[in-house]
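Dropping my_file.cif in here (mmCIF, C-alpha atoms; chains and numbers go by the auth columns):
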data_protein
#
loop_
_atom_site.group_PDB
_atom_site.id
_atom_site.type_symbol
_atom_site.label_atom_id
_atom_site.label_comp_id
_atom_site.label_asym_id
_atom_site.label_seq_id
_atom_site.Cartn_x
_atom_site.Cartn_y
_atom_site.Cartn_z
_atom_site.B_iso_or_equiv
_atom_site.auth_seq_id
_atom_site.auth_asym_id
ATOM 1 C CA MET A 1 -38.458 78.331 20.315 0.00 1203 A
ATOM 2 C CA GLN A 2 -40.079 76.773 17.256 0.00 1204 A
ATOM 3 C CA PHE A 3 -39.355 73.072 17.659 0.00 1205 A
ATOM 4 C CA ALA A 4 -40.893 71.829 14.406 0.00 1206 A
ATOM 5 C CA ASP A 5 -38.046 70.453 12.249 0.00 1207 A
ATOM 6 C CA SER A 6 -35.412 71.947 14.543 0.00 1208 A
ATOM 7 C CA VAL A 7 -32.225 69.962 15.194 0.00 1209 A
ATOM 8 C CA VAL A 8 -31.382 69.605 18.867 0.00 1210 A
ATOM 9 C CA VAL A 9 -28.306 67.983 20.396 0.00 1211 A
ATOM 10 C CA ILE A 10 -28.659 66.876 24.028 0.00 1212 A
ATOM 11 C CA THR A 11 -25.898 65.477 26.224 0.00 1213 A
ATOM 12 C CA GLY A 12 -26.635 63.376 29.287 0.00 1214 A
ATOM 13 C CA ALA A 13 -29.722 62.180 27.435 0.00 1215 A
ATOM 14 C CA GLY A 14 -29.795 58.613 28.696 0.00 1216 A
ATOM 15 C CA ASN A 15 -31.930 59.449 31.715 0.00 1217 A
ATOM 16 C CA GLY A 16 -33.205 62.235 33.926 0.00 1218 A
ATOM 17 C CA ILE A 17 -33.602 65.746 32.556 0.00 1219 A
ATOM 18 C CA GLY A 18 -31.817 64.951 29.291 0.00 1220 A
ATOM 19 C CA ALA A 19 -34.118 62.063 28.454 0.00 1221 A
ATOM 20 C CA ALA A 20 -37.175 64.084 29.440 0.00 1222 A
ATOM 21 C CA MET A 21 -36.108 66.954 27.175 0.00 1223 A
ATOM 22 C CA ALA A 22 -35.560 64.521 24.309 0.00 1224 A
ATOM 23 C CA ARG A 23 -39.088 63.186 24.684 0.00 1225 A
ATOM 24 C CA LYS A 24 -40.674 66.621 25.045 0.00 1226 A
ATOM 25 C CA PHE A 25 -38.786 68.251 22.176 0.00 1227 A
ATOM 26 C CA THR A 26 -39.539 65.324 19.877 0.00 1228 A
ATOM 27 C CA ALA A 27 -43.230 65.541 20.719 0.00 1229 A
ATOM 28 C CA LEU A 28 -43.053 69.178 19.570 0.00 1230 A
ATOM 29 C CA GLY A 29 -41.482 68.218 16.255 0.00 1231 A
ATOM 30 C CA ALA A 30 -37.737 68.402 16.898 0.00 1232 A
ATOM 31 C CA ARG A 31 -35.141 66.023 15.531 0.00 1233 A
ATOM 32 C CA THR A 32 -32.696 64.942 18.219 0.00 1234 A
ATOM 33 C CA VAL A 33 -29.105 63.782 18.451 0.00 1235 A
ATOM 34 C CA LEU A 34 -28.496 62.285 21.887 0.00 1236 A
ATOM 35 C CA GLY A 35 -25.281 61.682 23.775 0.00 1237 A
ATOM 36 C CA ASP A 36 -24.546 59.796 26.983 0.00 1238 A
ATOM 37 C CA LEU A 37 -21.823 57.618 28.497 0.00 1239 A
ATOM 38 C CA ASP A 38 -24.451 54.917 29.065 0.00 1240 A
ATOM 39 C CA SER A 39 -24.796 53.483 25.570 0.00 1241 A
ATOM 40 C CA ASP A 40 -27.721 51.213 26.451 0.00 1242 A
ATOM 41 C CA ALA A 41 -29.726 53.979 28.119 0.00 1243 A
ATOM 42 C CA VAL A 42 -29.191 56.565 25.392 0.00 1244 A
ATOM 43 C CA GLY A 43 -29.919 53.949 22.744 0.00 1245 A
ATOM 44 C CA GLU A 44 -33.261 53.182 24.351 0.00 1246 A
ATOM 45 C CA VAL A 45 -34.200 56.857 24.506 0.00 1247 A
ATOM 46 C CA ALA A 46 -33.136 57.436 20.902 0.00 1248 A
ATOM 47 C CA ASP A 47 -35.155 54.428 19.735 0.00 1249 A
ATOM 48 C CA ALA A 48 -38.206 55.695 21.602 0.00 1250 A
ATOM 49 C CA VAL A 49 -38.062 59.183 20.101 0.00 1251 A
ATOM 50 C CA GLY A 50 -36.661 58.365 16.671 0.00 1252 A
ATOM 51 C CA GLY A 51 -33.441 60.219 17.377 0.00 1253 A
ATOM 52 C CA ILE A 52 -29.784 59.413 16.818 0.00 1254 A
ATOM 53 C CA ALA A 53 -27.789 57.928 19.705 0.00 1255 A
ATOM 54 C CA VAL A 54 -24.121 58.871 19.963 0.00 1256 A
ATOM 55 C CA PRO A 55 -22.666 57.121 23.022 0.00 1257 A
ATOM 56 C CA GLY A 56 -19.532 58.735 24.362 0.00 1258 A
ATOM 57 C CA ASP A 57 -17.957 61.218 26.720 0.00 1259 A
ATOM 58 C CA ALA A 58 -19.492 64.650 26.132 0.00 1260 A
ATOM 59 C CA ALA A 59 -16.775 66.208 28.284 0.00 1261 A
ATOM 60 C CA SER A 60 -14.070 65.289 25.783 0.00 1262 A
ATOM 61 C CA GLU A 61 -13.244 67.037 22.525 0.00 1263 A
ATOM 62 C CA ARG A 62 -13.677 63.734 20.702 0.00 1264 A
ATOM 63 C CA GLY A 63 -17.078 63.099 22.271 0.00 1265 A
ATOM 64 C CA VAL A 64 -18.324 66.572 21.342 0.00 1266 A
ATOM 65 C CA ALA A 65 -16.956 66.221 17.820 0.00 1267 A
ATOM 66 C CA GLU A 66 -18.792 62.927 17.349 0.00 1268 A
ATOM 67 C CA LEU A 67 -22.081 64.515 18.418 0.00 1269 A
ATOM 68 C CA VAL A 68 -21.622 67.527 16.157 0.00 1270 A
ATOM 69 C CA ASP A 69 -20.511 65.377 13.217 0.00 1271 A
ATOM 70 C CA ALA A 70 -23.536 63.098 13.634 0.00 1272 A
ATOM 71 C CA ALA A 71 -25.949 66.036 13.658 0.00 1273 A
ATOM 72 C CA MET A 72 -24.305 67.809 10.736 0.00 1274 A
ATOM 73 C CA GLY A 73 -23.989 64.600 8.740 0.00 1275 A
ATOM 74 C CA GLU A 74 -27.618 63.619 9.189 0.00 1276 A
ATOM 75 C CA HIS A 75 -29.338 67.012 9.255 0.00 1277 A
ATOM 76 C CA GLY A 76 -26.840 69.539 7.912 0.00 1278 A
ATOM 77 C CA ARG A 77 -27.226 71.906 10.857 0.00 1279 A
ATOM 78 C CA ILE A 78 -27.642 72.263 14.617 0.00 1280 A
ATOM 79 C CA ASP A 79 -30.234 74.668 15.977 0.00 1281 A
ATOM 80 C CA VAL A 80 -29.869 74.024 19.702 0.00 1282 A
ATOM 81 C CA PHE A 81 -27.108 72.441 21.768 0.00 1283 A
ATOM 82 C CA CYS A 82 -28.181 71.358 25.255 0.00 1284 A
ATOM 83 C CA ALA A 83 -25.074 70.852 27.383 0.00 1285 A
ATOM 84 C CA ASN A 84 -26.920 68.836 29.978 0.00 1286 A
ATOM 85 C CA ALA A 85 -24.484 66.167 31.224 0.00 1287 A
ATOM 86 C CA GLY A 86 -23.437 66.696 34.821 0.00 1288 A
ATOM 87 C CA ILE A 87 -21.996 64.969 37.867 0.00 1289 A
ATOM 88 C CA GLY A 88 -22.072 65.591 41.603 0.00 1290 A
ATOM 89 C CA ARG A 89 -19.135 64.936 43.924 0.00 1291 A
ATOM 90 C CA ASN A 90 -19.411 65.447 47.666 0.00 1292 A
ATOM 91 C CA GLY A 91 -16.926 67.106 49.991 0.00 1293 A
ATOM 92 C CA GLY A 92 -15.261 70.443 50.522 0.00 1294 A
ATOM 93 C CA PRO A 93 -11.614 71.426 50.139 0.00 1295 A
ATOM 94 C CA GLU A 94 -10.734 67.929 51.336 0.00 1296 A
ATOM 95 C CA ALA A 95 -12.369 66.328 48.283 0.00 1297 A
ATOM 96 C CA ASP A 96 -9.657 64.590 46.305 0.00 1298 A
ATOM 97 C CA GLU A 97 -8.094 65.818 43.090 0.00 1299 A
ATOM 98 C CA ASP A 98 -10.074 63.347 40.979 0.00 1300 A
ATOM 99 C CA ALA A 99 -13.391 64.659 42.338 0.00 1301 A
ATOM 100 C CA TRP A 100 -12.451 68.244 41.506 0.00 1302 A
ATOM 101 C CA ALA A 101 -10.986 67.387 38.113 0.00 1303 A
ATOM 102 C CA ALA A 102 -13.991 65.299 37.045 0.00 1304 A
ATOM 103 C CA SER A 103 -16.381 68.045 38.171 0.00 1305 A
ATOM 104 C CA TRP A 104 -14.554 70.665 36.118 0.00 1306 A
ATOM 105 C CA GLU A 105 -14.434 68.416 33.060 0.00 1307 A
ATOM 106 C CA VAL A 106 -18.095 67.397 33.026 0.00 1308 A
ATOM 107 C CA ASN A 107 -19.815 70.427 34.566 0.00 1309 A
ATOM 108 C CA VAL A 108 -17.759 73.156 32.896 0.00 1310 A
ATOM 109 C CA MET A 109 -15.374 72.048 30.156 0.00 1311 A
ATOM 110 C CA SER A 110 -18.046 70.006 28.399 0.00 1312 A
ATOM 111 C CA HIS A 111 -19.907 73.309 27.907 0.00 1313 A
ATOM 112 C CA VAL A 112 -16.778 75.102 26.735 0.00 1314 A
ATOM 113 C CA ARG A 113 -15.914 72.365 24.241 0.00 1315 A
ATOM 114 C CA ALA A 114 -19.478 72.201 22.950 0.00 1316 A
ATOM 115 C CA ALA A 115 -19.547 75.955 22.343 0.00 1317 A
ATOM 116 C CA ARG A 116 -16.150 75.826 20.671 0.00 1318 A
ATOM 117 C CA ALA A 117 -17.425 73.144 18.312 0.00 1319 A
ATOM 118 C CA VAL A 118 -20.719 74.777 17.306 0.00 1320 A
ATOM 119 C CA LEU A 119 -19.897 78.483 17.331 0.00 1321 A
ATOM 120 C CA PRO A 120 -18.289 78.618 13.875 0.00 1322 A
ATOM 121 C CA HIS A 121 -21.379 76.961 12.367 0.00 1323 A
ATOM 122 C CA TRP A 122 -23.756 79.246 14.249 0.00 1324 A
ATOM 123 C CA LEU A 123 -21.868 82.461 13.528 0.00 1325 A
ATOM 124 C CA GLU A 124 -21.782 81.600 9.848 0.00 1326 A
ATOM 125 C CA ARG A 125 -25.545 80.996 9.875 0.00 1327 A
ATOM 126 C CA GLY A 126 -26.241 83.959 12.115 0.00 1328 A
ATOM 127 C CA GLU A 127 -28.317 81.878 14.518 0.00 1329 A
ATOM 128 C CA GLY A 128 -28.043 79.168 17.127 0.00 1330 A
ATOM 129 C CA HIS A 129 -28.940 78.567 20.756 0.00 1331 A
ATOM 130 C CA PHE A 130 -26.955 77.122 23.657 0.00 1332 A
ATOM 131 C CA LEU A 131 -28.624 75.744 26.790 0.00 1333 A
ATOM 132 C CA GLY A 132 -26.335 75.023 29.712 0.00 1334 A
ATOM 133 C CA THR A 133 -27.824 72.868 32.424 0.00 1335 A
ATOM 134 C CA ALA A 134 -26.429 74.254 35.641 0.00 1336 A
ATOM 135 C CA SER A 135 -28.428 74.032 38.858 0.00 1337 A
ATOM 136 C CA ALA A 136 -29.875 76.237 41.540 0.00 1338 A
ATOM 137 C CA ALA A 137 -26.524 75.447 43.150 0.00 1339 A
ATOM 138 C CA GLY A 138 -24.978 77.559 40.389 0.00 1340 A
ATOM 139 C CA LEU A 139 -26.883 80.585 41.718 0.00 1341 A
ATOM 140 C CA LEU A 140 -26.867 79.683 45.411 0.00 1342 A
ATOM 141 C CA THR A 141 -24.807 76.808 46.797 0.00 1343 A
ATOM 142 C CA MET A 142 -25.100 73.090 47.558 0.00 1344 A
ATOM 143 C CA LEU A 143 -24.311 72.158 51.133 0.00 1345 A
ATOM 144 C CA GLY A 144 -21.859 69.287 51.361 0.00 1346 A
ATOM 145 C CA SER A 145 -20.548 69.624 47.828 0.00 1347 A
ATOM 146 C CA ALA A 146 -18.000 72.297 47.046 0.00 1348 A
ATOM 147 C CA PRO A 147 -17.001 70.737 43.684 0.00 1349 A
ATOM 148 C CA TYR A 148 -20.617 70.761 42.519 0.00 1350 A
ATOM 149 C CA SER A 149 -21.355 74.273 43.794 0.00 1351 A
ATOM 150 C CA VAL A 150 -18.215 75.831 42.364 0.00 1352 A
ATOM 151 C CA THR A 151 -18.463 74.221 38.937 0.00 1353 A
ATOM 152 C CA LYS A 152 -22.165 74.934 38.568 0.00 1354 A
ATOM 153 C CA HIS A 153 -21.458 78.602 39.316 0.00 1355 A
ATOM 154 C CA ALA A 154 -18.896 78.425 36.528 0.00 1356 A
ATOM 155 C CA ALA A 155 -21.445 76.861 34.166 0.00 1357 A
ATOM 156 C CA VAL A 156 -23.827 79.789 34.754 0.00 1358 A
ATOM 157 C CA ALA A 157 -20.983 82.253 34.220 0.00 1359 A
ATOM 158 C CA PHE A 158 -20.016 80.607 30.939 0.00 1360 A
ATOM 159 C CA ALA A 159 -23.571 80.683 29.589 0.00 1361 A
ATOM 160 C CA GLU A 160 -23.777 84.342 30.588 0.00 1362 A
ATOM 161 C CA TYR A 161 -20.515 85.058 28.779 0.00 1363 A
ATOM 162 C CA LEU A 162 -21.822 83.393 25.616 0.00 1364 A
ATOM 163 C CA ASN A 163 -25.056 85.350 25.659 0.00 1365 A
ATOM 164 C CA ILE A 164 -23.375 88.694 26.257 0.00 1366 A
ATOM 165 C CA THR A 165 -20.713 88.084 23.626 0.00 1367 A
ATOM 166 C CA TYR A 166 -22.736 86.574 20.794 0.00 1368 A
ATOM 167 C CA ALA A 167 -26.410 87.514 21.168 0.00 1369 A
ATOM 168 C CA ASP A 168 -26.039 90.490 18.843 0.00 1370 A
ATOM 169 C CA LYS A 169 -24.690 88.056 16.250 0.00 1371 A
ATOM 170 C CA GLY A 170 -27.762 85.822 16.512 0.00 1372 A
ATOM 171 C CA VAL A 171 -26.280 83.223 18.876 0.00 1373 A
ATOM 172 C CA THR A 172 -27.997 83.150 22.241 0.00 1374 A
ATOM 173 C CA ALA A 173 -27.575 81.210 25.484 0.00 1375 A
ATOM 174 C CA GLN A 174 -29.571 80.392 28.598 0.00 1376 A
ATOM 175 C CA ALA A 175 -28.818 78.669 31.884 0.00 1377 A
ATOM 176 C CA LEU A 176 -31.176 76.013 33.238 0.00 1378 A
ATOM 177 C CA CYS A 177 -31.102 76.120 37.049 0.00 1379 A
ATOM 178 C CA PRO A 178 -33.502 73.656 38.690 0.00 1380 A
ATOM 179 C CA GLN A 179 -33.446 72.903 42.382 0.00 1381 A
ATOM 180 C CA GLY A 180 -34.321 69.344 43.422 0.00 1382 A
ATOM 181 C CA VAL A 181 -35.258 67.004 40.553 0.00 1383 A
ATOM 182 C CA ARG A 182 -35.997 63.316 41.087 0.00 1384 A
ATOM 183 C CA THR A 183 -33.060 61.911 39.161 0.00 1385 A
ATOM 184 C CA GLN A 184 -30.047 59.713 39.862 0.00 1386 A
ATOM 185 C CA LEU A 185 -28.105 62.843 40.821 0.00 1387 A
ATOM 186 C CA LEU A 186 -30.561 63.668 43.603 0.00 1388 A
ATOM 187 C CA GLU A 187 -30.485 60.076 44.830 0.00 1389 A
ATOM 188 C CA ALA A 188 -26.692 60.201 44.947 0.00 1390 A
ATOM 189 C CA SER A 189 -26.791 63.285 47.184 0.00 1391 A
ATOM 190 C CA GLY A 190 -28.090 61.045 49.979 0.00 1392 A
ATOM 191 C CA GLU A 191 -29.503 62.332 53.250 0.00 1393 A
ATOM 192 C CA THR A 192 -28.282 65.884 52.617 0.00 1394 A
ATOM 193 C CA GLY A 193 -30.213 66.056 49.368 0.00 1395 A
ATOM 194 C CA ARG A 194 -33.315 64.633 51.028 0.00 1396 A
ATOM 195 C CA ILE A 195 -33.205 67.216 53.816 0.00 1397 A
ATOM 196 C CA LEU A 196 -32.568 70.155 51.510 0.00 1398 A
ATOM 197 C CA MET A 197 -34.661 69.262 48.475 0.00 1399 A
ATOM 198 C CA GLY A 198 -36.816 66.239 49.143 0.00 1400 A
ATOM 199 C CA ASP A 199 -40.001 68.166 49.899 0.00 1401 A
ATOM 200 C CA THR A 200 -39.762 70.402 46.835 0.00 1402 A
ATOM 201 C CA ALA A 201 -38.252 67.973 44.311 0.00 1403 A
ATOM 202 C CA ILE A 202 -40.052 67.763 40.978 0.00 1404 A
ATOM 203 C CA GLU A 203 -39.991 65.262 38.134 0.00 1405 A
ATOM 204 C CA ALA A 204 -37.656 65.529 35.149 0.00 1406 A
ATOM 205 C CA GLU A 205 -40.728 65.820 32.929 0.00 1407 A
ATOM 206 C CA ASP A 206 -41.738 68.956 34.825 0.00 1408 A
ATOM 207 C CA VAL A 207 -38.352 70.486 34.032 0.00 1409 A
ATOM 208 C CA ALA A 208 -38.704 69.590 30.357 0.00 1410 A
ATOM 209 C CA GLU A 209 -42.095 71.303 30.229 0.00 1411 A
ATOM 210 C CA VAL A 210 -40.621 74.531 31.597 0.00 1412 A
ATOM 211 C CA VAL A 211 -37.650 74.361 29.235 0.00 1413 A
ATOM 212 C CA ALA A 212 -39.931 73.863 26.238 0.00 1414 A
ATOM 213 C CA GLU A 213 -41.873 76.957 27.281 0.00 1415 A
ATOM 214 C CA LYS A 214 -38.856 79.176 28.025 0.00 1416 A
ATOM 215 C CA LEU A 215 -36.205 78.017 25.531 0.00 1417 A
ATOM 216 C CA GLY A 216 -35.194 80.812 23.195 0.00 1418 A
ATOM 217 C CA GLY A 217 -37.098 83.413 25.177 0.00 1419 A
ATOM 218 C CA GLU A 218 -35.847 86.611 26.746 0.00 1420 A
ATOM 219 C CA GLU A 219 -35.240 85.149 30.213 0.00 1421 A
ATOM 220 C CA PHE A 220 -31.599 84.170 30.652 0.00 1422 A
ATOM 221 C CA LEU A 221 -32.285 81.981 33.676 0.00 1423 A
ATOM 222 C CA ILE A 222 -34.731 79.101 33.228 0.00 1424 A
ATOM 223 C CA LEU A 223 -36.029 78.355 36.726 0.00 1425 A
ATOM 224 C CA PRO A 224 -38.327 75.321 37.088 0.00 1426 A
ATOM 225 C CA HIS A 225 -38.528 76.267 40.785 0.00 1427 A
ATOM 226 C CA PRO A 226 -39.645 79.944 40.608 0.00 1428 A
ATOM 227 C CA GLU A 227 -38.750 80.525 44.265 0.00 1429 A
ATOM 228 C CA VAL A 228 -35.076 80.265 43.323 0.00 1430 A
ATOM 229 C CA ALA A 229 -35.329 83.777 41.856 0.00 1431 A
ATOM 230 C CA ASP A 230 -36.255 85.110 45.307 0.00 1432 A
ATOM 231 C CA TYR A 231 -33.408 83.201 46.947 0.00 1433 A
ATOM 232 C CA TYR A 232 -30.991 84.524 44.339 0.00 1434 A
ATOM 233 C CA ALA A 233 -32.151 88.100 44.914 0.00 1435 A
ATOM 234 C CA LEU A 234 -31.776 87.698 48.680 0.00 1436 A
ATOM 235 C CA ARG A 235 -28.288 86.256 48.258 0.00 1437 A
ATOM 236 C CA ALA A 236 -27.265 89.211 46.093 0.00 1438 A
ATOM 237 C CA GLY A 237 -28.947 91.941 48.112 0.00 1439 A
ATOM 238 C CA GLN A 238 -28.448 90.654 51.664 0.00 1440 A
ATOM 239 C CA PRO A 239 -25.563 88.186 51.588 0.00 1441 A
ATOM 240 C CA GLU A 240 -25.107 88.111 55.369 0.00 1442 A
ATOM 241 C CA ARG A 241 -28.770 87.266 55.932 0.00 1443 A
ATOM 242 C CA TRP A 242 -28.624 84.639 53.207 0.00 1444 A
ATOM 243 C CA GLN A 243 -25.527 83.005 54.645 0.00 1445 A
ATOM 244 C CA ALA A 244 -27.014 83.009 58.141 0.00 1446 A
ATOM 245 C CA GLY A 245 -29.970 81.030 56.797 0.00 1447 A
ATOM 246 C CA MET A 246 -27.677 78.616 55.003 0.00 1448 A
ATOM 247 C CA ARG A 247 -25.592 78.118 58.143 0.00 1449 A
ATOM 248 C CA LYS A 248 -28.804 77.169 59.957 0.00 1450 A
ATOM 249 C CA LEU A 249 -29.434 74.550 57.286 0.00 1451 A
ATOM 250 C CA GLN A 250 -25.845 73.384 57.584 0.00 1452 A
ATOM 251 C CA ARG A 251 -26.356 72.787 61.305 0.00 1453 A
ATOM 252 C CA LYS A 252 -29.524 70.821 60.527 0.00 1454 A
ATOM 253 C CA VAL A 253 -27.653 68.643 58.048 0.00 1455 A
ATOM 254 C CA GLU A 254 -24.846 68.026 60.541 0.00 1456 A
#

Would it be possible to restate this file's structure as structure tokens?
Amino acid sequence: MQFADSVVVITGAGNGIGAAMARKFTALGARTVLGDLDSDAVGEVADAVGGIAVPGDAASERGVAELVDAAMGEHGRIDVFCANAGIGRNGGPEADEDAWAASWEVNVMSHVRAARAVLPHWLERGEGHFLGTASAAGLLTMLGSAPYSVTKHAAVAFAEYLNITYADKGVTAQALCPQGVRTQLLEASGETGRILMGDTAIEAEDVAEVVAEKLGGEEFLILPHPEVADYYALRAGQPERWQAGMRKLQRKVE
């Protein structure tokens, strides 16, 4: 990815990975349009990087439209859309309807609505790039959180669909799948998150460095934790062995 003078939209940019990507991309010459529900946080990040803050709900059609309109109005194009906003809700099948619905809206439908908004522009230009922030949970699973695991799997599947369908037309997609990252989301996962990811958690800035290196490249999966590729291969090739290991972890958590 050539960042100089590129126009990048990032959702969930008020903190964590989104804010770190905004800082890194700007340092490489990009112009950013930043969205987040937290208007104060995203405003501070935008001020620091010289970007445009568009507070709002990136999971809604209106919120996506406002981001796209701001980028097109100011810069006349969008080169990269980073669908980065995400939420984590704990529980399994017993998790309430609101937890499931919110997870689908933010972790999946925000990606769908973003793609729907930018695809006509990209297909007309013959170029554009979509980055969906999923999680290692989208390739593996997250103990204690069925809504998160299921919707992050869906986010990976959607990015894969985009890349297969549109890459030959110049529009490409990648899925960002970090494991533990020291953000508010990891803190909210509580003791389970500490047990599973505390020892290997990295900083959001580390993720941004990897994304800057891999964005627009040939690798579909961007893996800030390289070991996730081995776990993913084991899960695919030896699912019983993989699940046995995960059940052992489940017993440890319990």

Distance criterion (all atoms listed in the file): nearest to Gly1265 in chain A out of A:Ala1316, A:Ala1229, A:Val1373, A:Met1223: A:Ala1316

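When the PyMOL selection byres ((chain A and resi 1253) around 6) is evaluated on the file shown here, the picked residues come out as A:Thr1234, A:Val1235, A:Ala1248, A:Val1251, A:Gly1252, A:Ile1254.
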
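Note that CA of Leu1342 in chain A and CA of Val1282 in chain A are 26.5 Å apart.
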
Picked residues, the PyMOL selection byres ((chain A and resi 1406-1410) around 12), as an MDAnalysis selection string: chainID A and resid 1215 1217:1230 1284 1286 1335 1337 1378:1388 1403:1405 1411:1417 1424:1428

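Each of A:Ala1260, A:Ile1280, A:Ala1243, A:Ala1377 was compared to Leu1321 in chain A using all atoms listed in the file, and A:Ile1280 turns out to be the nearest.
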
Expansion of the PyMOL selection byres ((chain A and resi 1344) around 12) into residues, as a ChimeraX atom specification: /A:1290-1294,1337-1343,1345-1355,1381-1382,1388,1391,1394-1395,1397-1399,1448-1449,1451-1452,1455

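With distances taken over all atoms listed in the file, A:Ala1273 is the one residue among A:Ala1356, A:Ala1273, A:Ala1297, A:Val1310 lying closest to His1323 in chain A.
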
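Residue nearest Val1308 in chain A, chosen from A:Leu1436, A:Ala1267, A:Leu1239, A:Ala1375 and counting only C-alpha atoms: A:Leu1239.
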
Point (-24.2, 79.5, 27.2), cut-off 12 Å, counting all atoms listed in the file, residues as a VMD selection string: chain A and resid 1282 to 1286 1310 to 1318 1320 to 1321 1330 to 1336 1356 to 1369 1373 to 1378 1418 1422 to 1423

Those residues you just picked out, can you put them in a file as a tab-separated table (two decimals), in the frame of the given file with C-alpha atoms?
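Full text of again-v5.tsv as output:
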chain	number	residue	atom	x	y	z
A	1282	VAL	CA	-29.87	74.02	19.70
A	1283	PHE	CA	-27.11	72.44	21.77
A	1284	CYS	CA	-28.18	71.36	25.26
A	1285	ALA	CA	-25.07	70.85	27.38
A	1286	ASN	CA	-26.92	68.84	29.98
A	1310	VAL	CA	-17.76	73.16	32.90
A	1311	MET	CA	-15.37	72.05	30.16
A	1312	SER	CA	-18.05	70.01	28.40
A	1313	HIS	CA	-19.91	73.31	27.91
A	1314	VAL	CA	-16.78	75.10	26.74
A	1315	ARG	CA	-15.91	72.36	24.24
A	1316	ALA	CA	-19.48	72.20	22.95
A	1317	ALA	CA	-19.55	75.96	22.34
A	1318	ARG	CA	-16.15	75.83	20.67
A	1320	VAL	CA	-20.72	74.78	17.31
A	1321	LEU	CA	-19.90	78.48	17.33
A	1330	GLY	CA	-28.04	79.17	17.13
A	1331	HIS	CA	-28.94	78.57	20.76
A	1332	PHE	CA	-26.96	77.12	23.66
A	1333	LEU	CA	-28.62	75.74	26.79
A	1334	GLY	CA	-26.34	75.02	29.71
A	1335	THR	CA	-27.82	72.87	32.42
A	1336	ALA	CA	-26.43	74.25	35.64
A	1356	ALA	CA	-18.90	78.42	36.53
A	1357	ALA	CA	-21.44	76.86	34.17
A	1358	VAL	CA	-23.83	79.79	34.75
A	1359	ALA	CA	-20.98	82.25	34.22
A	1360	PHE	CA	-20.02	80.61	30.94
A	1361	ALA	CA	-23.57	80.68	29.59
A	1362	GLU	CA	-23.78	84.34	30.59
A	1363	TYR	CA	-20.52	85.06	28.78
A	1364	LEU	CA	-21.82	83.39	25.62
A	1365	ASN	CA	-25.06	85.35	25.66
A	1366	ILE	CA	-23.38	88.69	26.26
A	1367	THR	CA	-20.71	88.08	23.63
A	1368	TYR	CA	-22.74	86.57	20.79
A	1369	ALA	CA	-26.41	87.51	21.17
A	1373	VAL	CA	-26.28	83.22	18.88
A	1374	THR	CA	-28.00	83.15	22.24
A	1375	ALA	CA	-27.58	81.21	25.48
A	1376	GLN	CA	-29.57	80.39	28.60
A	1377	ALA	CA	-28.82	78.67	31.88
A	1378	LEU	CA	-31.18	76.01	33.24
A	1418	GLY	CA	-35.19	80.81	23.20
A	1422	PHE	CA	-31.60	84.17	30.65
A	1423	LEU	CA	-32.28	81.98	33.68

Contact residues around Phe1205 in chain A with all atoms listed in the file at 6 Å, ignoring same-chain residues under 3 positions, as a PyMOL selection string: chain A and resi 1208+1230-1232

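Take CA of Trp1444 in chain A and CA of Glu1421 in chain A: the distance between them is 23.9 Å.
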
Length of the CA of Glu1307 in chain A to CA of Ser1262 in chain A vector [Å]: 7.9 Å

Minimum-distance residue to Gly1447 in chain A, chosen among A:Gly1214, A:Ile1289, A:Tyr1433, A:Leu1325 (using only C-alpha atoms): A:Tyr1433

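If only C-alpha atoms are the atoms counted, then among A:Pro1441, A:Gly1372, A:Pro1295, A:Gly1216 the closest residue to Glu1246 in chain A is A:Gly1216.
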